[in-house]
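Enquirer: Structure file model_14.txt (compact mmCIF, N, CA and C atoms) is given on the next line.
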# COMPACT_ATOMS: atom_id res chain seq x y z
N MET Y 4 -69.98 -67.48 27.28
CA MET Y 4 -69.13 -68.06 26.26
C MET Y 4 -68.29 -66.99 25.58
N ARG Y 5 -68.93 -65.87 25.32
CA ARG Y 5 -68.23 -64.77 24.65
C ARG Y 5 -67.08 -64.24 25.50
N ILE Y 6 -67.28 -64.16 26.80
CA ILE Y 6 -66.24 -63.68 27.72
C ILE Y 6 -65.07 -64.65 27.72
N LEU Y 7 -65.36 -65.94 27.72
CA LEU Y 7 -64.30 -66.94 27.67
C LEU Y 7 -63.47 -66.80 26.40
N TYR Y 8 -64.13 -66.56 25.29
CA TYR Y 8 -63.44 -66.35 24.02
C TYR Y 8 -62.54 -65.12 24.08
N ILE Y 9 -63.03 -64.03 24.65
CA ILE Y 9 -62.25 -62.79 24.75
C ILE Y 9 -61.05 -63.00 25.68
N LEU Y 10 -61.26 -63.67 26.80
CA LEU Y 10 -60.15 -63.93 27.73
C LEU Y 10 -59.09 -64.82 27.09
N THR Y 11 -59.52 -65.83 26.36
CA THR Y 11 -58.57 -66.72 25.68
C THR Y 11 -57.78 -65.97 24.62
N ALA Y 12 -58.46 -65.13 23.85
CA ALA Y 12 -57.78 -64.34 22.83
C ALA Y 12 -56.79 -63.37 23.46
N ALA Y 13 -57.16 -62.75 24.58
CA ALA Y 13 -56.26 -61.82 25.27
C ALA Y 13 -55.04 -62.55 25.80
N ALA Y 14 -55.25 -63.74 26.36
CA ALA Y 14 -54.12 -64.52 26.88
C ALA Y 14 -53.17 -64.93 25.76
N LEU Y 15 -53.71 -65.33 24.63
CA LEU Y 15 -52.87 -65.69 23.49
C LEU Y 15 -52.10 -64.49 22.96
N LEU Y 16 -52.75 -63.35 22.93
CA LEU Y 16 -52.10 -62.13 22.47
C LEU Y 16 -50.95 -61.75 23.40
N LEU Y 17 -51.18 -61.81 24.70
CA LEU Y 17 -50.12 -61.49 25.66
C LEU Y 17 -48.97 -62.49 25.56
N ALA Y 18 -49.29 -63.76 25.41
CA ALA Y 18 -48.25 -64.78 25.30
C ALA Y 18 -47.41 -64.58 24.05
N SER Y 19 -48.03 -64.14 22.97
CA SER Y 19 -47.28 -63.95 21.73
C SER Y 19 -46.39 -62.72 21.79
N CYS Y 20 -46.65 -61.78 22.68
CA CYS Y 20 -45.82 -60.58 22.82
C CYS Y 20 -44.55 -60.84 23.60
N LYS Y 21 -44.57 -61.86 24.43
CA LYS Y 21 -43.39 -62.19 25.23
C LYS Y 21 -42.42 -63.01 24.38
N PRO Y 22 -41.12 -62.63 24.36
CA PRO Y 22 -40.18 -63.40 23.56
C PRO Y 22 -40.07 -64.84 24.07
N SER Y 23 -39.85 -65.76 23.17
CA SER Y 23 -39.69 -67.16 23.56
C SER Y 23 -38.35 -67.35 24.25
N ALA Y 24 -38.24 -68.47 24.97
CA ALA Y 24 -36.97 -68.76 25.66
C ALA Y 24 -35.84 -68.87 24.65
N THR Y 25 -36.11 -69.46 23.50
CA THR Y 25 -35.07 -69.61 22.48
C THR Y 25 -34.62 -68.24 21.97
N ALA Y 26 -35.57 -67.34 21.74
CA ALA Y 26 -35.22 -66.00 21.27
C ALA Y 26 -34.41 -65.26 22.33
N LEU Y 27 -34.78 -65.41 23.60
CA LEU Y 27 -34.01 -64.77 24.67
C LEU Y 27 -32.60 -65.34 24.75
N ASP Y 28 -32.49 -66.66 24.62
CA ASP Y 28 -31.17 -67.29 24.67
C ASP Y 28 -30.30 -66.80 23.51
N GLU Y 29 -30.88 -66.68 22.33
CA GLU Y 29 -30.12 -66.16 21.19
C GLU Y 29 -29.72 -64.71 21.42
N GLU Y 30 -30.60 -63.93 22.03
CA GLU Y 30 -30.29 -62.53 22.31
C GLU Y 30 -29.14 -62.41 23.31
N VAL Y 31 -29.12 -63.29 24.31
CA VAL Y 31 -28.02 -63.30 25.28
C VAL Y 31 -26.70 -63.57 24.57
N GLN Y 32 -26.69 -64.60 23.75
CA GLN Y 32 -25.46 -64.98 23.07
C GLN Y 32 -25.00 -63.90 22.10
N THR Y 33 -25.92 -63.32 21.36
CA THR Y 33 -25.58 -62.27 20.41
C THR Y 33 -25.06 -61.02 21.10
N THR Y 34 -25.75 -60.59 22.16
CA THR Y 34 -25.34 -59.39 22.88
C THR Y 34 -23.97 -59.58 23.51
N ALA Y 35 -23.76 -60.74 24.14
CA ALA Y 35 -22.46 -61.01 24.77
C ALA Y 35 -21.34 -61.05 23.73
N ALA Y 36 -21.58 -61.72 22.62
CA ALA Y 36 -20.56 -61.82 21.57
C ALA Y 36 -20.27 -60.45 20.95
N ASP Y 37 -21.30 -59.68 20.68
CA ASP Y 37 -21.11 -58.35 20.09
C ASP Y 37 -20.35 -57.42 21.03
N PHE Y 38 -20.71 -57.46 22.32
CA PHE Y 38 -20.01 -56.63 23.30
C PHE Y 38 -18.54 -57.04 23.39
N ALA Y 39 -18.29 -58.33 23.53
CA ALA Y 39 -16.90 -58.81 23.67
C ALA Y 39 -16.10 -58.49 22.41
N GLN Y 40 -16.71 -58.65 21.25
CA GLN Y 40 -16.03 -58.32 19.99
C GLN Y 40 -15.61 -56.85 19.99
N ALA Y 41 -16.51 -55.99 20.40
CA ALA Y 41 -16.19 -54.55 20.44
C ALA Y 41 -15.14 -54.27 21.52
N TYR Y 42 -15.33 -54.79 22.70
CA TYR Y 42 -14.44 -54.51 23.83
C TYR Y 42 -13.01 -54.96 23.56
N PHE Y 43 -12.85 -56.19 23.10
CA PHE Y 43 -11.51 -56.73 22.91
C PHE Y 43 -10.85 -56.28 21.62
N ASN Y 44 -11.59 -55.56 20.80
CA ASN Y 44 -11.03 -54.96 19.60
C ASN Y 44 -11.03 -53.44 19.70
N TYR Y 45 -11.08 -52.95 20.93
CA TYR Y 45 -10.91 -51.53 21.26
C TYR Y 45 -11.93 -50.61 20.61
N ASP Y 46 -13.12 -51.11 20.36
CA ASP Y 46 -14.21 -50.28 19.86
C ASP Y 46 -15.13 -49.97 21.05
N TYR Y 47 -14.61 -49.14 21.95
CA TYR Y 47 -15.34 -48.85 23.19
C TYR Y 47 -16.63 -48.08 22.94
N GLU Y 48 -16.70 -47.34 21.87
CA GLU Y 48 -17.93 -46.61 21.54
C GLU Y 48 -19.06 -47.61 21.25
N ARG Y 49 -18.75 -48.63 20.47
CA ARG Y 49 -19.75 -49.66 20.18
C ARG Y 49 -20.06 -50.49 21.43
N ALA Y 50 -19.04 -50.79 22.23
CA ALA Y 50 -19.26 -51.55 23.46
C ALA Y 50 -20.18 -50.78 24.40
N LEU Y 51 -20.04 -49.47 24.44
CA LEU Y 51 -20.87 -48.65 25.31
C LEU Y 51 -22.34 -48.76 24.93
N LYS Y 52 -22.63 -48.89 23.66
CA LYS Y 52 -24.01 -49.02 23.19
C LYS Y 52 -24.63 -50.35 23.63
N LEU Y 53 -23.79 -51.31 23.98
CA LEU Y 53 -24.27 -52.63 24.40
C LEU Y 53 -24.17 -52.83 25.91
N ALA Y 54 -23.85 -51.75 26.62
CA ALA Y 54 -23.63 -51.81 28.06
C ALA Y 54 -24.65 -50.94 28.81
N THR Y 55 -24.76 -51.20 30.09
CA THR Y 55 -25.63 -50.38 30.93
C THR Y 55 -24.98 -49.01 31.16
N PRO Y 56 -25.78 -47.99 31.47
CA PRO Y 56 -25.19 -46.67 31.71
C PRO Y 56 -24.13 -46.65 32.81
N GLU Y 57 -24.31 -47.44 33.86
CA GLU Y 57 -23.33 -47.44 34.95
C GLU Y 57 -22.02 -48.14 34.55
N SER Y 58 -22.01 -48.83 33.43
CA SER Y 58 -20.78 -49.46 32.93
C SER Y 58 -19.88 -48.47 32.22
N GLU Y 59 -20.40 -47.30 31.89
CA GLU Y 59 -19.62 -46.32 31.13
C GLU Y 59 -18.30 -45.97 31.82
N LYS Y 60 -18.32 -45.84 33.14
CA LYS Y 60 -17.08 -45.46 33.84
C LYS Y 60 -16.00 -46.52 33.66
N TRP Y 61 -16.40 -47.81 33.58
CA TRP Y 61 -15.40 -48.87 33.42
C TRP Y 61 -14.89 -48.93 31.98
N LEU Y 62 -15.74 -48.60 31.03
CA LEU Y 62 -15.29 -48.53 29.64
C LEU Y 62 -14.36 -47.33 29.45
N ARG Y 63 -14.68 -46.23 30.09
CA ARG Y 63 -13.79 -45.05 30.03
C ARG Y 63 -12.44 -45.37 30.69
N TYR Y 64 -12.49 -46.10 31.78
CA TYR Y 64 -11.26 -46.51 32.46
C TYR Y 64 -10.41 -47.37 31.54
N ALA Y 65 -11.04 -48.36 30.89
CA ALA Y 65 -10.30 -49.24 29.97
C ALA Y 65 -9.71 -48.42 28.83
N ALA Y 66 -10.49 -47.50 28.28
CA ALA Y 66 -10.01 -46.67 27.17
C ALA Y 66 -8.85 -45.78 27.60
N SER Y 67 -8.90 -45.29 28.83
CA SER Y 67 -7.84 -44.38 29.29
C SER Y 67 -6.52 -45.10 29.53
N ASN Y 68 -6.55 -46.42 29.59
CA ASN Y 68 -5.33 -47.20 29.83
C ASN Y 68 -4.73 -47.78 28.55
N VAL Y 69 -5.27 -47.42 27.41
CA VAL Y 69 -4.72 -47.90 26.15
C VAL Y 69 -3.51 -47.04 25.80
N THR Y 70 -2.36 -47.68 25.69
CA THR Y 70 -1.12 -46.96 25.38
C THR Y 70 -0.79 -47.09 23.90
N GLN Y 71 0.16 -46.33 23.45
CA GLN Y 71 0.59 -46.41 22.06
C GLN Y 71 1.15 -47.79 21.74
N ALA Y 72 1.82 -48.40 22.71
CA ALA Y 72 2.36 -49.75 22.51
C ALA Y 72 1.23 -50.75 22.26
N VAL Y 73 0.11 -50.60 22.97
CA VAL Y 73 -1.04 -51.47 22.77
C VAL Y 73 -1.62 -51.25 21.37
N VAL Y 74 -1.78 -49.99 20.98
CA VAL Y 74 -2.32 -49.66 19.67
C VAL Y 74 -1.43 -50.23 18.57
N ASP Y 75 -0.12 -50.08 18.72
CA ASP Y 75 0.81 -50.59 17.71
C ASP Y 75 0.73 -52.12 17.60
N LEU Y 76 0.68 -52.80 18.73
CA LEU Y 76 0.60 -54.26 18.72
C LEU Y 76 -0.74 -54.71 18.12
N TYR Y 77 -1.82 -54.06 18.50
CA TYR Y 77 -3.13 -54.41 17.96
C TYR Y 77 -3.16 -54.21 16.44
N ASN Y 78 -2.64 -53.08 15.98
CA ASN Y 78 -2.64 -52.79 14.54
C ASN Y 78 -1.74 -53.74 13.75
N ALA Y 79 -0.76 -54.33 14.40
CA ALA Y 79 0.16 -55.25 13.72
C ALA Y 79 -0.44 -56.65 13.54
N GLN Y 80 -1.54 -56.94 14.22
CA GLN Y 80 -2.17 -58.25 14.10
C GLN Y 80 -2.83 -58.43 12.74
N GLN Y 81 -2.86 -59.65 12.27
CA GLN Y 81 -3.55 -59.96 11.03
C GLN Y 81 -5.06 -59.85 11.19
N GLU Y 82 -5.54 -60.28 12.34
CA GLU Y 82 -6.97 -60.19 12.65
C GLU Y 82 -7.12 -59.82 14.11
N GLY Y 83 -8.29 -59.37 14.48
CA GLY Y 83 -8.54 -58.97 15.86
C GLY Y 83 -8.85 -60.15 16.75
N ALA Y 84 -9.33 -59.84 17.91
CA ALA Y 84 -9.69 -60.87 18.88
C ALA Y 84 -10.83 -61.73 18.34
N VAL Y 85 -10.77 -63.01 18.70
CA VAL Y 85 -11.80 -63.96 18.28
C VAL Y 85 -12.63 -64.31 19.52
N ILE Y 86 -13.94 -64.21 19.38
CA ILE Y 86 -14.85 -64.38 20.51
C ILE Y 86 -15.71 -65.62 20.31
N VAL Y 87 -15.86 -66.42 21.38
CA VAL Y 87 -16.76 -67.57 21.38
C VAL Y 87 -17.54 -67.55 22.69
N VAL Y 88 -18.87 -67.55 22.60
CA VAL Y 88 -19.70 -67.65 23.79
C VAL Y 88 -19.74 -69.13 24.17
N ASP Y 89 -19.18 -69.44 25.34
CA ASP Y 89 -19.08 -70.84 25.77
C ASP Y 89 -20.36 -71.34 26.40
N ASP Y 90 -20.86 -70.57 27.35
CA ASP Y 90 -21.98 -71.04 28.14
C ASP Y 90 -22.65 -69.84 28.79
N PHE Y 91 -23.89 -70.01 29.18
CA PHE Y 91 -24.57 -68.98 29.96
C PHE Y 91 -25.70 -69.61 30.74
N TYR Y 92 -26.11 -68.90 31.77
CA TYR Y 92 -27.28 -69.33 32.53
C TYR Y 92 -27.97 -68.09 33.07
N TRP Y 93 -29.25 -68.23 33.25
CA TRP Y 93 -30.05 -67.14 33.82
C TRP Y 93 -29.95 -67.23 35.34
N THR Y 94 -29.55 -66.16 36.00
CA THR Y 94 -29.49 -66.16 37.46
C THR Y 94 -30.84 -65.77 38.06
N ASN Y 95 -31.64 -65.04 37.29
CA ASN Y 95 -33.03 -64.73 37.65
C ASN Y 95 -33.75 -64.33 36.37
N ASP Y 96 -34.91 -63.73 36.47
CA ASP Y 96 -35.71 -63.39 35.28
C ASP Y 96 -35.07 -62.34 34.39
N THR Y 97 -34.19 -61.53 34.94
CA THR Y 97 -33.64 -60.41 34.16
C THR Y 97 -32.12 -60.40 34.05
N THR Y 98 -31.44 -61.37 34.63
CA THR Y 98 -29.98 -61.37 34.66
C THR Y 98 -29.41 -62.70 34.17
N ALA Y 99 -28.43 -62.60 33.29
CA ALA Y 99 -27.76 -63.80 32.78
C ALA Y 99 -26.25 -63.67 33.02
N SER Y 100 -25.62 -64.78 33.30
CA SER Y 100 -24.17 -64.84 33.45
C SER Y 100 -23.62 -65.59 32.24
N VAL Y 101 -22.68 -64.97 31.54
CA VAL Y 101 -22.19 -65.52 30.28
C VAL Y 101 -20.69 -65.73 30.35
N SER Y 102 -20.25 -66.91 29.96
CA SER Y 102 -18.83 -67.24 29.88
C SER Y 102 -18.38 -67.08 28.43
N VAL Y 103 -17.35 -66.25 28.22
CA VAL Y 103 -16.87 -65.95 26.88
C VAL Y 103 -15.39 -66.29 26.77
N SER Y 104 -15.04 -67.09 25.77
CA SER Y 104 -13.63 -67.36 25.47
C SER Y 104 -13.16 -66.33 24.45
N VAL Y 105 -11.99 -65.78 24.70
CA VAL Y 105 -11.41 -64.79 23.80
C VAL Y 105 -10.02 -65.26 23.44
N SER Y 106 -9.71 -65.27 22.16
CA SER Y 106 -8.36 -65.65 21.74
C SER Y 106 -7.76 -64.55 20.87
N HIS Y 107 -6.44 -64.54 20.85
CA HIS Y 107 -5.68 -63.57 20.05
C HIS Y 107 -6.04 -62.12 20.41
N PHE Y 108 -5.98 -61.83 21.71
CA PHE Y 108 -6.29 -60.47 22.15
C PHE Y 108 -5.07 -59.87 22.84
N VAL Y 109 -5.00 -58.56 22.83
CA VAL Y 109 -3.87 -57.85 23.41
C VAL Y 109 -4.04 -57.78 24.93
N VAL Y 110 -2.97 -58.13 25.65
CA VAL Y 110 -2.95 -58.06 27.10
C VAL Y 110 -1.88 -57.05 27.50
N ASP Y 111 -2.27 -56.10 28.31
CA ASP Y 111 -1.33 -55.12 28.85
C ASP Y 111 -1.61 -55.05 30.35
N ASP Y 112 -1.10 -56.06 31.06
CA ASP Y 112 -1.47 -56.21 32.46
C ASP Y 112 -0.38 -55.82 33.46
N SER Y 113 0.68 -55.23 32.96
CA SER Y 113 1.76 -54.87 33.88
C SER Y 113 2.43 -53.58 33.41
N ILE Y 114 2.72 -52.75 34.36
CA ILE Y 114 3.42 -51.50 34.06
C ILE Y 114 4.85 -51.79 33.61
N HIS Y 115 5.41 -52.89 34.10
CA HIS Y 115 6.82 -53.19 33.88
C HIS Y 115 7.10 -54.09 32.68
N SER Y 116 6.06 -54.46 31.93
CA SER Y 116 6.31 -55.30 30.76
C SER Y 116 5.53 -54.78 29.57
N ALA Y 117 5.99 -55.18 28.40
CA ALA Y 117 5.34 -54.74 27.15
C ALA Y 117 4.05 -55.53 26.95
N PRO Y 118 3.10 -54.95 26.23
CA PRO Y 118 1.87 -55.69 25.92
C PRO Y 118 2.21 -56.91 25.06
N ARG Y 119 1.34 -57.90 25.11
CA ARG Y 119 1.56 -59.14 24.36
C ARG Y 119 0.22 -59.66 23.86
N ILE Y 120 0.28 -60.60 22.94
CA ILE Y 120 -0.92 -61.26 22.43
C ILE Y 120 -1.17 -62.51 23.27
N ALA Y 121 -2.36 -62.62 23.84
CA ALA Y 121 -2.72 -63.81 24.61
C ALA Y 121 -3.36 -64.82 23.68
N ASP Y 122 -3.01 -66.08 23.86
CA ASP Y 122 -3.60 -67.14 23.05
C ASP Y 122 -5.08 -67.30 23.36
N GLU Y 123 -5.40 -67.31 24.66
CA GLU Y 123 -6.79 -67.50 25.04
C GLU Y 123 -7.03 -66.99 26.44
N GLY Y 124 -8.26 -66.55 26.68
CA GLY Y 124 -8.68 -66.13 28.00
C GLY Y 124 -10.15 -66.44 28.18
N LEU Y 125 -10.55 -66.50 29.43
CA LEU Y 125 -11.95 -66.77 29.75
C LEU Y 125 -12.47 -65.60 30.59
N PHE Y 126 -13.57 -65.02 30.14
CA PHE Y 126 -14.15 -63.86 30.81
C PHE Y 126 -15.62 -64.12 31.09
N ARG Y 127 -16.09 -63.59 32.21
CA ARG Y 127 -17.50 -63.74 32.58
C ARG Y 127 -18.17 -62.37 32.45
N LEU Y 128 -19.26 -62.35 31.70
CA LEU Y 128 -20.05 -61.13 31.52
C LEU Y 128 -21.39 -61.30 32.22
N THR Y 129 -21.89 -60.21 32.77
CA THR Y 129 -23.23 -60.20 33.35
C THR Y 129 -24.11 -59.36 32.43
N LEU Y 130 -25.20 -59.95 31.98
CA LEU Y 130 -26.16 -59.25 31.14
C LEU Y 130 -27.44 -59.04 31.94
N VAL Y 131 -28.01 -57.86 31.80
CA VAL Y 131 -29.26 -57.55 32.48
C VAL Y 131 -30.28 -57.06 31.46
N ARG Y 132 -31.53 -57.36 31.72
CA ARG Y 132 -32.62 -56.90 30.85
C ARG Y 132 -33.24 -55.67 31.51
N ARG Y 133 -33.19 -54.57 30.76
CA ARG Y 133 -33.79 -53.32 31.22
C ARG Y 133 -34.60 -52.73 30.08
N ASP Y 134 -35.81 -52.37 30.37
CA ASP Y 134 -36.70 -51.78 29.37
C ASP Y 134 -36.78 -52.65 28.12
N GLY Y 135 -36.78 -53.96 28.31
CA GLY Y 135 -36.91 -54.88 27.20
C GLY Y 135 -35.65 -55.12 26.39
N LYS Y 136 -34.52 -54.59 26.84
CA LYS Y 136 -33.27 -54.73 26.10
C LYS Y 136 -32.20 -55.33 26.99
N LEU Y 137 -31.40 -56.24 26.44
CA LEU Y 137 -30.27 -56.80 27.19
C LEU Y 137 -29.05 -55.90 27.04
N ALA Y 138 -28.31 -55.75 28.14
CA ALA Y 138 -27.08 -54.96 28.12
C ALA Y 138 -26.09 -55.58 29.10
N VAL Y 139 -24.81 -55.39 28.82
CA VAL Y 139 -23.75 -55.89 29.69
C VAL Y 139 -23.59 -54.91 30.86
N ARG Y 140 -23.57 -55.47 32.06
CA ARG Y 140 -23.35 -54.65 33.26
C ARG Y 140 -21.96 -54.97 33.79
N MET Y 141 -21.11 -53.96 33.79
CA MET Y 141 -19.74 -54.12 34.30
C MET Y 141 -19.69 -53.58 35.73
N ALA Y 142 -19.14 -54.38 36.63
CA ALA Y 142 -18.94 -53.95 38.01
C ALA Y 142 -17.48 -53.58 38.24
N GLY Y 143 -16.68 -53.65 37.19
CA GLY Y 143 -15.26 -53.35 37.25
C GLY Y 143 -14.64 -53.74 35.92
N PRO Y 144 -13.33 -53.59 35.80
CA PRO Y 144 -12.67 -54.02 34.56
C PRO Y 144 -12.85 -55.52 34.36
N LEU Y 145 -12.92 -55.96 33.12
CA LEU Y 145 -13.03 -57.39 32.86
C LEU Y 145 -11.74 -58.08 33.26
N ARG Y 146 -11.86 -59.23 33.89
CA ARG Y 146 -10.71 -59.99 34.37
C ARG Y 146 -10.67 -61.36 33.71
N ASN Y 147 -9.47 -61.75 33.31
CA ASN Y 147 -9.26 -63.05 32.72
C ASN Y 147 -9.29 -64.09 33.83
N GLU Y 148 -10.23 -65.02 33.75
CA GLU Y 148 -10.37 -66.05 34.78
C GLU Y 148 -9.37 -67.18 34.62
N THR Y 149 -8.62 -67.21 33.51
CA THR Y 149 -7.65 -68.29 33.29
C THR Y 149 -6.23 -67.87 33.63
N GLN Y 150 -6.03 -66.69 34.15
CA GLN Y 150 -4.68 -66.23 34.48
C GLN Y 150 -4.10 -67.10 35.58
N SER Y 151 -2.80 -67.27 35.52
CA SER Y 151 -2.13 -68.05 36.55
C SER Y 151 -2.13 -67.28 37.85
N ARG Y 152 -1.98 -67.97 38.93
CA ARG Y 152 -1.99 -67.32 40.25
C ARG Y 152 -0.59 -67.13 40.80
N ASP Y 153 0.37 -66.98 39.92
CA ASP Y 153 1.78 -66.83 40.34
C ASP Y 153 1.97 -65.55 41.12
Any chance you could give the structure as structure tokens?

Expert:
Amino acid sequence: MRILYILTAAALLLASCKPSATALDEEVQTTAADFAQAYFNYDYERALKLATPESEKWLRYAASNVTQAVVDLYNAQQEGAVIVVDDFYWTNDTTASVSVSVSHFVVDDSIHSAPRIADEGLFRLTLVRRDGKLAVRMAGPLRNETQSRD
């Protein structure tokens, strides 16, 4: 009887140490929103803290492509980019795919044209859990999924 009590107590203790599904879902949404807020408002230092180590090269790439025209347009805005986490799903135990809507963000997608403010864009982020922490994993520059195919 005593062994059964100890095993039950150990199982309850282990179960209480694991985050609940709701807490994990909230962590996914918070991490994705915080990363997107930093990324689309040119706070790459903060974005790096929310990203995997292998994502650093893509954040450095994004930072290296910021021109004075982009900085001027961004600084002229009344407010920065607005982020909304639309949807997400877990692809496995440690990876989530997150759809993020971004509005009022600076787009500088062509060498031959000036940067502009986009009304809205849709971006997909991949979050991975490593060492108990969620982080955004970038496999390349973020791409707007709503861009026209002209």

Enquirer: Around (2.1, -55.8, 26.6) in the file's own coordinates, what residues are found within 12 Å if you use only C-alpha atoms, given back as a list in words?

Expert: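 The answer, in the requested form, is Asn68, Val69, Thr70, Gln71, Ala72, Val73, Val74, Asp75, Leu76, Tyr77, Phe108, Val109, Val110, Asp111, Asp112, Ser113, Ile114, His115, Ser116, Ala117, Pro118, Arg119, Ile120 and Ala121 of chain Y.
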
Enquirer: Using atom CA of Ala65 of chain Y and atom N of Trp93 of chain Y as the two end points, give the distance in Å to one decimal.

Expert: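 Distance between the two atoms: 27.0 Å.
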
Enquirer: Hey, can you pull every residue with an atom no more than 7 Å from (-10.0, -67.8, 22.2), using only C-alpha atoms, and send it as number ranges by chain?

Expert: Y: 85-87, 104-107, 122-124

Enquirer: Could you pull out the residues in chain Y that DSSP calls strand (DSSP E or B) from the backbone, as a PyMOL selection string?

Expert: chain Y and resi 54+85-93+98-110+119-133+136-139

Enquirer: Using only C-alpha atoms, which of Y:Ala99, Y:Ala79, Y:Met141, Y:Val88 sits nearest Leu51 of chain Y?

Expert: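 Using only C-alpha atoms, Leu51 of chain Y sits closest to Y:Met141.
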
Enquirer: As a VMD selection string, please: the residues near Pro144 of chain Y (cut-off 8 Å, all atoms listed in the file, same-chain neighbours under 5 positions excluded).

Expert: chain Y and resid 60 to 62 64 to 65

Enquirer: Determine the nearest neighbour of Leu130 of chain Y from the options Y:Ala66, Y:Glu82, Y:Thr25, Y:Val31, counting only C-alpha atoms.

Expert: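 Closest candidate: Y:Val31.
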
Enquirer: For segment 52-55 of chain Y, work out the shell of residues within 6 Å, counting all atoms listed in the file and skipping chain neighbours fewer than 6 positions away, then give it as a ChimeraX atom specification.

Expert: /Y:38,137-141

Enquirer: Enumerate, as a count of residues only, the complete set of residues in segment 8-152 of chain Y that a backbone-based DSSP assignment places in alpha helix (DSSP H).

Expert: 57

Enquirer: Hey, can you check how far atom CA of Thr129 of chain Y sits from atom CA of Ser100 of chain Y?

Expert: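 Answer for the atom CA of Thr129 of chain Y to atom CA of Ser100 of chain Y separation: 4.7 Å.
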
Enquirer: Mind giving me the straight-line distance from atom N of Arg49 of chain Y to atom N of Gly83 of chain Y in Å, one decimal?

Expert: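 So the answer is 16.1 Å.
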
Enquirer: Of the candidates Y:Ser67, Y:Pro56, Y:Phe91, Y:Ala39, which one gets nearest to Arg133 of chain Y if we count only C-alpha atoms?

Expert: Y:Pro56

Enquirer: Which is closer to Gln32 of chain Y than all the others in Y:Arg127, Y:Glu148, Y:Val101, Y:Arg132, using all atoms listed in the file?

Expert: Y:Val101
